[in-house]
>>> print(open('data_19.csv').read())   # CSV, C-alpha atoms
chain,number,residue,atom,x,y,z
A,1,MET,CA,-52.2,5.4,0.4
A,2,ASP,CA,-50.8,3.7,3.5
A,3,ARG,CA,-47.2,2.6,3.9
A,4,ARG,CA,-47.8,-1.0,3.1
A,5,SER,CA,-49.7,-0.2,-0.1
A,6,PHE,CA,-47.0,2.3,-1.1
A,7,LEU,CA,-44.2,-0.3,-0.6
A,8,LYS,CA,-46.1,-2.9,-2.7
A,9,THR,CA,-46.7,-0.5,-5.6
A,10,ALA,CA,-43.2,0.9,-5.4
A,11,ALA,CA,-41.6,-2.4,-6.3
A,12,GLY,CA,-42.2,-2.0,-10.0
A,13,SER,CA,-41.4,1.7,-10.3
A,14,ALA,CA,-39.0,2.9,-7.7
A,15,CYS,CA,-35.9,1.4,-9.4
A,16,LEU,CA,-36.6,3.0,-12.7
A,17,LEU,CA,-37.6,6.4,-11.2
A,18,SER,CA,-34.4,6.6,-9.2
A,19,LEU,CA,-31.9,5.2,-11.7
A,20,SER,CA,-30.0,8.4,-12.5
A,21,ASN,CA,-30.1,9.8,-9.0
A,22,LEU,CA,-28.8,6.7,-7.3
A,23,ARG,CA,-26.1,6.1,-9.8
A,24,MET,CA,-24.6,9.4,-9.0
A,25,GLN,CA,-24.4,8.5,-5.3
A,26,PHE,CA,-22.4,5.3,-5.8
A,27,ASP,CA,-18.8,5.0,-4.7
A,28,PRO,CA,-17.0,3.3,-7.5
A,29,GLY,CA,-14.5,1.9,-5.1
A,30,CYS,CA,-16.9,-0.7,-3.7
A,31,PRO,CA,-18.5,-3.8,-5.3
A,32,VAL,CA,-22.2,-3.6,-6.2
A,33,VAL,CA,-24.9,-5.9,-4.9
A,34,GLY,CA,-28.0,-6.0,-7.1
A,35,SER,CA,-28.6,-4.0,-10.3
A,36,LEU,CA,-31.3,-1.4,-11.0
A,37,GLY,CA,-33.7,-2.6,-13.6
A,38,ILE,CA,-32.2,-6.1,-13.7
A,39,ALA,CA,-34.0,-8.2,-11.1
A,40,PRO,CA,-32.6,-6.5,-8.0
A,41,GLU,CA,-34.7,-8.8,-5.8
A,42,LYS,CA,-32.9,-11.9,-7.1
A,43,ALA,CA,-29.5,-10.3,-6.9
A,44,TRP,CA,-30.1,-9.2,-3.4
A,45,ALA,CA,-31.5,-12.6,-2.3
A,46,GLU,CA,-28.4,-14.4,-3.6
A,47,THR,CA,-26.0,-12.1,-1.8
A,48,PRO,CA,-23.8,-14.1,0.8
A,49,GLU,CA,-24.1,-13.1,4.4
A,50,LYS,CA,-27.4,-11.6,3.8
A,51,PHE,CA,-28.6,-11.6,7.4
A,52,HIS,CA,-27.2,-10.0,10.5
A,53,GLU,CA,-29.0,-10.3,13.8
A,54,ALA,CA,-30.5,-7.0,15.0
A,55,LEU,CA,-30.1,-5.5,18.4
A,56,TYR,CA,-32.8,-4.0,20.6
A,57,TYR,CA,-35.6,-6.4,20.3
A,58,LYS,CA,-37.2,-9.1,22.5
A,59,LYS,CA,-38.5,-12.5,21.6
A,60,LEU,CA,-42.2,-13.3,22.3
A,61,GLU,CA,-44.4,-16.3,22.1
A,62,HIS,CA,-45.3,-18.0,18.8
A,63,LYS,CA,-42.1,-16.8,17.1
A,64,GLU,CA,-43.2,-13.2,17.4
A,65,VAL,CA,-40.7,-10.4,18.3
A,66,GLN,CA,-41.1,-6.8,19.5
A,67,CYS,CA,-38.6,-4.2,18.2
A,68,LEU,CA,-37.3,-1.8,20.8
A,69,LEU,CA,-35.2,0.4,18.6
A,70,CYS,CA,-37.6,3.2,17.9
A,71,PRO,CA,-40.8,4.4,19.7
A,72,ARG,CA,-43.0,2.4,17.3
A,73,GLU,CA,-42.0,-0.7,19.2
A,74,CYS,CA,-43.3,-2.8,16.3
A,75,MET,CA,-44.8,-6.2,17.0
A,76,VAL,CA,-43.5,-8.4,14.2
A,77,GLY,CA,-44.8,-11.9,13.3
A,78,ASP,CA,-42.7,-14.6,11.7
A,79,GLN,CA,-41.7,-13.8,8.2
A,80,GLU,CA,-42.8,-10.2,8.6
A,81,ARG,CA,-40.9,-6.9,8.8
A,82,GLY,CA,-41.2,-3.8,11.0
A,83,TYR,CA,-42.5,-0.5,9.8
A,84,CYS,CA,-39.0,0.5,8.4
A,85,GLY,CA,-39.0,-2.4,6.0
A,86,VAL,CA,-35.4,-3.3,6.7
A,87,ARG,CA,-35.7,-5.5,9.8
A,88,GLU,CA,-37.2,-8.9,9.4
A,89,ASN,CA,-38.4,-11.7,11.8
A,90,ARG,CA,-37.2,-15.1,10.8
A,91,LEU,CA,-38.5,-17.9,13.0
A,92,GLY,CA,-38.4,-15.7,16.0
A,93,THR,CA,-35.0,-14.1,15.4
A,94,TYR,CA,-35.0,-10.5,14.3
A,95,TYR,CA,-32.5,-9.5,11.5
A,96,THR,CA,-31.3,-6.3,9.9
A,97,LEU,CA,-31.3,-6.7,6.2
A,98,VAL,CA,-29.0,-3.7,5.5
A,99,TYR,CA,-25.9,-4.5,7.5
A,100,ASN,CA,-22.9,-3.9,5.2
A,101,ARG,CA,-25.4,-2.9,2.5
A,102,PRO,CA,-25.3,0.9,1.9
A,103,CYS,CA,-27.0,2.2,-1.2
A,104,THR,CA,-25.3,5.6,-1.0
A,105,ALA,CA,-21.7,6.3,-0.3
A,106,ARG,CA,-19.8,9.4,-1.4
A,107,PRO,CA,-17.9,12.4,-0.1
A,108,ASP,CA,-19.9,15.6,0.7
A,109,PRO,CA,-19.0,19.0,2.1
A,110,ILE,CA,-19.9,19.0,5.8
A,111,GLU,CA,-22.0,22.1,5.2
A,112,LYS,CA,-24.4,19.9,3.1
A,113,LYS,CA,-25.6,18.0,6.2
A,114,PRO,CA,-25.8,20.9,7.3
A,115,PHE,CA,-23.3,21.5,10.0
A,116,TYR,CA,-22.2,25.1,10.4
A,117,HIS,CA,-20.3,24.8,13.7
A,118,PHE,CA,-18.4,21.6,13.0
A,119,HIS,CA,-15.1,21.6,11.1
A,120,PRO,CA,-16.1,24.0,8.3
A,121,ARG,CA,-14.7,23.2,4.8
A,122,THR,CA,-14.1,19.6,5.5
A,123,LEU,CA,-15.4,16.5,3.7
A,124,ALA,CA,-17.8,13.9,5.2
A,125,TYR,CA,-18.0,10.4,3.7
A,126,SER,CA,-21.8,10.2,3.5
A,127,LEU,CA,-23.4,6.8,4.0
A,128,ALA,CA,-27.0,5.5,3.8
A,129,THR,CA,-28.9,2.3,3.4
A,130,ALA,CA,-32.5,1.8,2.3
A,131,GLY,CA,-35.3,2.4,4.8
A,132,CYS,CA,-36.8,4.8,7.3
A,133,ASN,CA,-38.9,4.6,10.4
A,134,MET,CA,-41.0,7.6,9.4
A,135,ASN,CA,-42.8,8.6,6.2
A,136,CYS,CA,-42.5,12.3,5.6
A,137,LYS,CA,-44.7,13.4,2.8
A,138,TYR,CA,-42.1,15.8,1.5
A,139,CYS,CA,-39.1,13.4,1.7
A,140,GLN,CA,-36.5,14.5,-0.8
A,141,ASN,CA,-34.7,11.1,-0.7
A,142,TRP,CA,-37.9,9.0,-0.9
A,143,GLU,CA,-36.4,6.8,-3.7
A,144,ILE,CA,-34.2,5.1,-1.1
A,145,SER,CA,-35.9,5.9,2.2
A,146,GLN,CA,-39.4,4.7,1.3
A,147,VAL,CA,-38.5,1.4,-0.4
A,148,ARG,CA,-37.2,-2.0,0.8
A,149,PRO,CA,-33.5,-3.0,0.4
A,150,GLU,CA,-34.2,-5.5,-2.4
A,151,GLN,CA,-35.6,-2.6,-4.5
A,152,VAL,CA,-32.4,-0.6,-4.8
A,153,ARG,CA,-28.9,-1.4,-5.8
A,154,SER,CA,-26.5,-1.6,-2.9
A,155,PHE,CA,-22.8,-1.8,-2.1
A,156,LEU,CA,-21.1,-4.6,-0.3
A,157,MET,CA,-19.1,-2.5,2.3
A,158,THR,CA,-17.9,-3.7,5.7
A,159,SER,CA,-17.4,-1.3,8.5
A,160,LYS,CA,-13.6,-1.6,8.0
A,161,ASP,CA,-14.0,-0.9,4.3
A,162,CYS,CA,-16.1,2.2,5.2
A,163,ALA,CA,-13.4,3.7,7.5
A,164,ARG,CA,-10.7,2.8,4.9
A,165,ARG,CA,-12.6,4.6,2.1
A,166,ALA,CA,-13.2,7.7,4.2
A,167,ALA,CA,-9.5,7.9,4.9
A,168,ASP,CA,-8.5,7.3,1.3
A,169,LEU,CA,-10.8,10.1,0.2
A,170,ASP,CA,-9.4,12.6,2.8
A,171,CYS,CA,-12.7,12.8,4.7
A,172,LEU,CA,-12.5,14.1,8.2
A,173,SER,CA,-15.7,12.4,9.2
A,174,ILE,CA,-18.2,9.7,8.2
A,175,ALA,CA,-21.8,11.0,8.0
A,176,TYR,CA,-24.7,8.7,8.5
A,177,THR,CA,-27.3,10.5,6.4
A,178,TYR,CA,-29.8,10.7,3.5
A,179,THR,CA,-32.2,8.1,4.8
A,180,GLU,CA,-32.7,7.5,8.6
A,181,PRO,CA,-29.6,6.0,10.1
A,182,ILE,CA,-31.5,4.8,13.1
A,183,VAL,CA,-32.8,1.9,11.0
A,184,PHE,CA,-29.3,0.8,10.2
A,185,TRP,CA,-28.2,1.2,13.8
A,186,GLU,CA,-26.0,-1.9,14.0
A,187,TYR,CA,-24.1,-1.0,10.8
A,188,MET,CA,-23.7,2.6,11.9
A,189,TYR,CA,-22.4,1.5,15.3
A,190,ASP,CA,-19.8,-0.8,13.9
A,191,CYS,CA,-18.7,1.8,11.2
A,192,SER,CA,-18.4,4.3,14.0
A,193,LYS,CA,-16.1,2.1,16.0
A,194,GLU,CA,-13.9,1.5,13.0
A,195,ALA,CA,-13.8,5.2,12.2
A,196,ARG,CA,-12.7,6.0,15.8
A,197,LYS,CA,-9.8,3.5,15.4
A,198,ALA,CA,-8.8,5.2,12.2
A,199,GLY,CA,-8.9,8.7,13.7
A,200,ILE,CA,-12.0,9.6,11.7
A,201,LYS,CA,-15.0,11.4,13.3
A,202,ASN,CA,-18.6,10.4,13.2
A,203,VAL,CA,-21.7,12.5,12.6
A,204,MET,CA,-25.3,11.5,12.5
A,205,ILE,CA,-28.1,13.2,10.5
A,206,SER,CA,-31.4,11.9,11.9
A,207,ALA,CA,-35.0,12.7,12.7
A,208,GLY,CA,-34.3,11.6,16.3
A,209,PHE,CA,-37.2,9.2,16.4
A,210,ILE,CA,-35.4,6.6,18.6
A,211,GLU,CA,-35.7,5.0,22.0
A,212,GLU,CA,-33.5,6.1,24.8
A,213,LYS,CA,-31.4,3.0,25.3
A,214,PRO,CA,-30.0,2.7,21.8
A,215,LEU,CA,-29.5,6.4,21.6
A,216,ARG,CA,-27.4,6.5,24.7
A,217,ALA,CA,-25.4,3.5,23.5
A,218,LEU,CA,-24.6,5.2,20.2
A,219,LEU,CA,-23.8,8.8,21.4
A,220,PRO,CA,-20.3,8.1,22.9
A,221,LEU,CA,-19.2,7.3,19.3
A,222,MET,CA,-20.7,10.4,17.8
A,223,ASP,CA,-18.8,13.7,17.4
A,224,ALA,CA,-21.9,15.7,16.2
A,225,VAL,CA,-25.6,15.1,15.6
A,226,LYS,CA,-28.0,17.1,13.4
A,227,ILE,CA,-31.7,16.5,14.1
A,228,ASP,CA,-34.4,17.3,11.6
A,229,LEU,CA,-37.1,18.8,13.9
A,230,LYS,CA,-40.1,18.5,11.6
A,231,ALA,CA,-42.4,20.9,13.5
A,232,PHE,CA,-43.3,21.9,17.0
A,233,SER,CA,-46.7,20.2,16.8
A,234,ASP,CA,-47.6,16.6,17.5
A,235,THR,CA,-50.5,16.8,15.0
A,236,TYR,CA,-48.1,17.7,12.2
A,237,TYR,CA,-45.8,14.8,13.2
A,238,ARG,CA,-48.7,12.3,13.1
A,239,GLU,CA,-50.4,13.6,9.9
A,240,VAL,CA,-47.4,14.6,7.8
A,241,CYS,CA,-44.6,12.4,9.0
A,242,ARG,CA,-46.2,9.4,10.6
A,243,GLY,CA,-44.3,10.0,13.8
A,244,ARG,CA,-44.6,11.7,17.2
A,245,LEU,CA,-43.0,14.8,18.6
A,246,GLU,CA,-42.3,13.9,22.2
A,247,PRO,CA,-39.7,11.2,21.6
A,248,VAL,CA,-37.8,13.6,19.3
A,249,LEU,CA,-37.8,16.3,22.0
A,250,GLU,CA,-36.5,13.7,24.5
A,251,ALA,CA,-33.8,12.6,22.1
A,252,LEU,CA,-32.7,16.3,21.7
A,253,LYS,CA,-32.4,16.6,25.5
A,254,ILE,CA,-30.3,13.4,25.8
A,255,ILE,CA,-27.9,14.5,23.0
A,256,ARG,CA,-27.4,17.8,24.7
A,257,GLU,CA,-27.0,16.1,28.1
A,258,MET,CA,-24.3,13.8,26.8
A,259,GLY,CA,-22.3,16.6,25.5
A,260,VAL,CA,-22.4,15.7,21.8
A,261,TRP,CA,-22.3,18.8,19.5
A,262,LEU,CA,-25.9,19.4,18.3
A,263,GLU,CA,-27.5,21.4,15.5
A,264,ILE,CA,-31.2,21.5,14.5
A,265,VAL,CA,-32.8,21.8,11.0
A,266,TYR,CA,-36.4,23.0,10.7
A,267,LEU,CA,-37.7,22.6,7.2
A,268,VAL,CA,-40.3,25.3,6.7
A,269,LEU,CA,-43.4,24.3,4.8
A,270,PRO,CA,-45.6,27.2,3.8
A,271,THR,CA,-48.8,27.5,5.8
A,272,MET,CA,-48.1,24.2,7.6
A,273,ASN,CA,-45.4,24.7,10.2
A,274,ASP,CA,-44.5,28.4,9.8
A,275,GLY,CA,-46.9,30.1,12.2
A,276,PRO,CA,-45.2,32.7,14.4
A,277,ASP,CA,-46.7,31.3,17.6
A,278,GLU,CA,-45.3,27.8,16.8
A,279,ILE,CA,-41.9,29.2,16.0
A,280,ARG,CA,-41.8,31.3,19.2
A,281,ALA,CA,-42.8,28.2,21.2
A,282,LEU,CA,-40.1,26.1,19.5
A,283,CYS,CA,-37.4,28.7,20.1
A,284,THR,CA,-38.4,29.2,23.7
A,285,TRP,CA,-38.2,25.4,24.3
A,286,VAL,CA,-34.8,25.2,22.6
A,287,ARG,CA,-33.4,28.1,24.7
A,288,LYS,CA,-34.7,26.7,28.0
A,289,GLU,CA,-34.1,23.0,27.4
A,290,LEU,CA,-31.0,22.9,25.2
A,291,GLY,CA,-29.5,26.4,25.5
A,292,PRO,CA,-29.4,29.5,23.3
A,293,ASP,CA,-26.2,28.4,21.5
A,294,VAL,CA,-27.7,25.4,19.7
A,295,PRO,CA,-27.9,26.5,16.0
A,296,ILE,CA,-31.3,26.3,14.3
A,297,HIS,CA,-31.4,26.2,10.5
A,298,PHE,CA,-34.6,27.4,9.0
A,299,SER,CA,-34.5,25.7,5.6
A,300,ARG,CA,-36.4,26.3,2.4
A,301,PHE,CA,-38.9,23.7,1.2
A,302,HIS,CA,-39.1,22.7,-2.4
A,303,PRO,CA,-42.0,20.6,-3.7
A,304,THR,CA,-41.3,16.9,-3.9
A,305,TYR,CA,-42.6,13.3,-3.3
A,306,LEU,CA,-46.2,13.5,-2.0
A,307,MET,CA,-46.3,17.3,-1.4
A,308,LYS,CA,-46.0,18.9,-4.8
A,309,ASN,CA,-49.1,21.0,-4.2
A,310,LEU,CA,-47.2,23.6,-2.1
A,311,PRO,CA,-44.9,26.3,-3.5
A,312,PRO,CA,-41.3,26.7,-2.4
A,313,THR,CA,-41.0,28.6,0.9
A,314,PRO,CA,-41.0,32.3,0.3
A,315,VAL,CA,-37.6,33.8,1.3
A,316,ASP,CA,-39.4,36.5,3.3
A,317,THR,CA,-41.0,33.8,5.5
A,318,LEU,CA,-37.6,32.4,6.3
A,319,GLU,CA,-36.3,35.9,7.1
A,320,ARG,CA,-39.3,36.4,9.4
A,321,LEU,CA,-38.6,33.2,11.3
A,322,TRP,CA,-34.9,34.1,11.6
A,323,LYS,CA,-35.9,37.4,13.2
A,324,ILE,CA,-38.3,35.6,15.6
A,325,ALA,CA,-35.5,33.2,16.6
A,326,ARG,CA,-33.2,36.1,17.3
A,327,SER,CA,-35.8,37.9,19.4
A,328,GLU,CA,-36.4,34.7,21.4
A,329,GLY,CA,-32.8,34.5,22.4
A,330,ILE,CA,-31.4,32.0,19.8
A,331,ARG,CA,-27.9,33.2,19.2
A,332,TYR,CA,-27.1,31.2,16.0
A,333,PRO,CA,-30.2,31.0,13.7
A,334,TYR,CA,-29.6,30.4,10.0
A,335,ILE,CA,-31.4,30.5,6.7
A,336,GLY,CA,-30.9,27.3,4.6
A,337,ASN,CA,-31.4,26.3,1.0
A,338,VAL,CA,-31.1,29.9,-0.2
A,339,PRO,CA,-27.5,30.1,-1.5
A,340,GLY,CA,-25.9,33.5,-1.2
A,341,HIS,CA,-28.4,34.7,1.4
A,342,PRO,CA,-26.7,36.6,4.3
A,343,GLY,CA,-28.5,34.3,6.7
A,344,GLU,CA,-26.2,31.5,5.7
A,345,SER,CA,-23.2,33.1,7.4
A,346,THR,CA,-22.2,33.0,11.0
A,347,LEU,CA,-22.2,36.3,12.9
A,348,CYS,CA,-20.7,37.1,16.3
A,349,PRO,CA,-23.7,37.6,18.6
A,350,GLU,CA,-21.8,40.1,20.6
A,351,CYS,CA,-20.1,42.5,18.1
A,352,GLY,CA,-21.9,41.5,14.9
A,353,VAL,CA,-18.8,40.8,12.8
A,354,ARG,CA,-19.1,38.1,10.2
A,355,LEU,CA,-17.1,35.1,11.4
A,356,ILE,CA,-17.8,32.7,8.5
A,357,HIS,CA,-19.0,33.7,5.1
A,358,ARG,CA,-21.1,31.0,3.2
A,359,THR,CA,-22.5,31.0,-0.3
A,360,GLY,CA,-23.9,27.5,-0.7
A,361,TYR,CA,-20.9,25.2,-0.1
A,362,ASN,CA,-18.4,27.9,-0.8
A,363,VAL,CA,-17.1,28.8,2.7
A,364,ARG,CA,-14.6,31.4,3.8
A,365,VAL,CA,-13.6,31.7,7.5
A,366,GLU,CA,-13.1,35.4,8.0
A,367,ALA,CA,-13.0,36.4,11.7
A,368,LEU,CA,-12.9,33.1,13.6
A,369,ARG,CA,-9.7,32.1,15.2
A,370,ARG,CA,-9.5,28.8,17.0
A,371,GLY,CA,-13.1,29.1,18.1
A,372,THR,CA,-13.1,32.7,19.1
A,373,CYS,CA,-14.2,36.0,17.5
A,374,LYS,CA,-11.0,37.8,16.6
A,375,ASP,CA,-12.6,41.2,17.1
A,376,CYS,CA,-14.2,40.9,20.6
A,377,GLY,CA,-12.7,37.6,21.8
A,378,LEU,CA,-16.1,35.9,22.4
A,379,LYS,CA,-15.8,32.1,22.4
A,380,ILE,CA,-18.1,30.7,19.7
A,381,PRO,CA,-19.6,27.3,20.5
A,382,GLY,CA,-18.8,24.5,18.1
A,383,VAL,CA,-16.0,22.1,17.2
A,384,TRP,CA,-13.7,24.1,15.0
A,385,ASP,CA,-10.5,22.1,14.2
A,386,THR,CA,-8.8,18.8,14.9
A,387,GLN,CA,-6.8,20.2,17.8
A,388,ASP,CA,-9.6,22.1,19.5
A,389,LYS,CA,-12.6,20.0,20.4
A,390,SER,CA,-14.1,22.6,22.8
A,391,GLN,CA,-17.7,23.4,22.8
A,392,THR,CA,-20.2,25.2,25.2
>>> encode(input="data_19.csv", output="structure tokens")
Amino acid sequence: MDRRSFLKTAAGSACLLSLSNLRMQFDPGCPVVGSLGIAPEKAWAETPEKFHEALYYKKLEHKEVQCLLCPRECMVGDQERGYCGVRENRLGTYYTLVYNRPCTARPDPIEKKPFYHFHPRTLAYSLATAGCNMNCKYCQNWEISQVRPEQVRSFLMTSKDCARRAADLDCLSIAYTYTEPIVFWEYMYDCSKEARKAGIKNVMISAGFIEEKPLRALLPLMDAVKIDLKAFSDTYYREVCRGRLEPVLEALKIIREMGVWLEIVYLVLPTMNDGPDEIRALCTWVRKELGPDVPIHFSRFHPTYLMKNLPPTPVDTLERLWKIARSEGIRYPYIGNVPGHPGESTLCPECGVRLIHRTGYNVRVEALRRGTCKDCGLKIPGVWDTQDKSQT
């Protein structure tokens, strides 16, 4: 089934399928726009200030526009939307339909993103709107990423409201997460500016499928970025995720170049992206292009969405990839989605002492003191407290 067919058939079922999941993600401190199961399209259409002009597009002849936000560079006719489903051409002007309209907002542990070298044991106010510019067949948040904004219940939350809620809930940062924050670029950008004014940090959790200009404009407001690197194969990107690898690699290099703290997650699908040669090539590229201190999280896959035919990733596969990463010079590899596994914890790459012990979201800092190993004195790259923003 192609994306257009999926979106069409999803209208009648996505809301009911996701009822309990999305309700748990709502922030009760914000007014709701729309109602699951009760004509959400009508409620959304009657919302005041529905449209906000998008950035990063150009106007063409015959009321057509070309989106310049992501590498798809969608050509969008009048009354049509781009691939992401949340940006619409109205009479030759391109609009974002999710500005001030998050469908998810709640505090999360920063480790859930996951960030392991960025302010451990703090909370991130986690924000998402509907939509995505990719279609990963294993998406765990497909109920909100693979539907249109009128198909889910949303909040009415301005950027100032967002910063205020994060402060009220004692969140150190705002995390733009769960779906693809690139598709709500304008909202993320304005929320990030308000967060900075309030002394709150910003972190983006993204697939990195974005054009260079909007990425460079955004990064000065970001304190950390986590990129989901789907595979080290363009064929995988095209067939499994409906994307391309090269723009993601370029985004990774730009993030590193601009000095924003970076971590990478690699979701391991059995038999599909877990070959030792691919992992060695990935780790070699990271070490040479980004540096050996960029953490790589090898995370366990669980069957979901359109890929329920595969089993969960065997733990011994993750352990094998962790060892390959270490052998290729990656100093901070991790094993993810296996609570209690020793591979969750941060070890000093010089003396081997355990610096941070993790069991799921239970975190204990043991031998890390203001960014250094207390046993051997090695400086550990990361952003470790509100006074010390150093990184390497």
>>> axis_aligned_box(input="data_19.csv", around="segment 352-360 of chain A", padding_each_side="5 Å", output="AutoDock Vina command-line options")
--center_x -20.5 --center_y 34.5 --center_z 7.1 --size_x 16.8 --size_y 24.0 --size_z 25.6
>>> closest_residue(input="data_19.csv", among="A:Arg106, A:Arg72, A:Arg364, A:Lys230", to="Arg165 of chain A", atoms="only C-alpha atoms")
A:Arg106
>>> atom_distance(input="data_19.csv", atom1="atom CA of Tyr305 of chain A", atom2="atom CA of Asn141 of chain A")
8.6 Å
>>> closest_residue(input="data_19.csv", among="A:Tyr56, A:Tyr178, A:Trp285, A:Tyr95", to="Glu250 of chain A", atoms="all atoms listed in the file")
A:Trp285
>>> residues_around(input="data_19.csv", residues="Val365 of chain A", least_positions_apart="4", cutoff="12 Å", atoms="all atoms listed in the file", output="PyMOL selection string")
chain A and resi 116-117+119-121+345-347+353-359+369-374+384
>>> closest_residue(input="data_19.csv", among="A:Asn135, A:Thr284, A:Thr93, A:Ser126", to="Arg238 of chain A", atoms="only C-alpha atoms")
A:Asn135
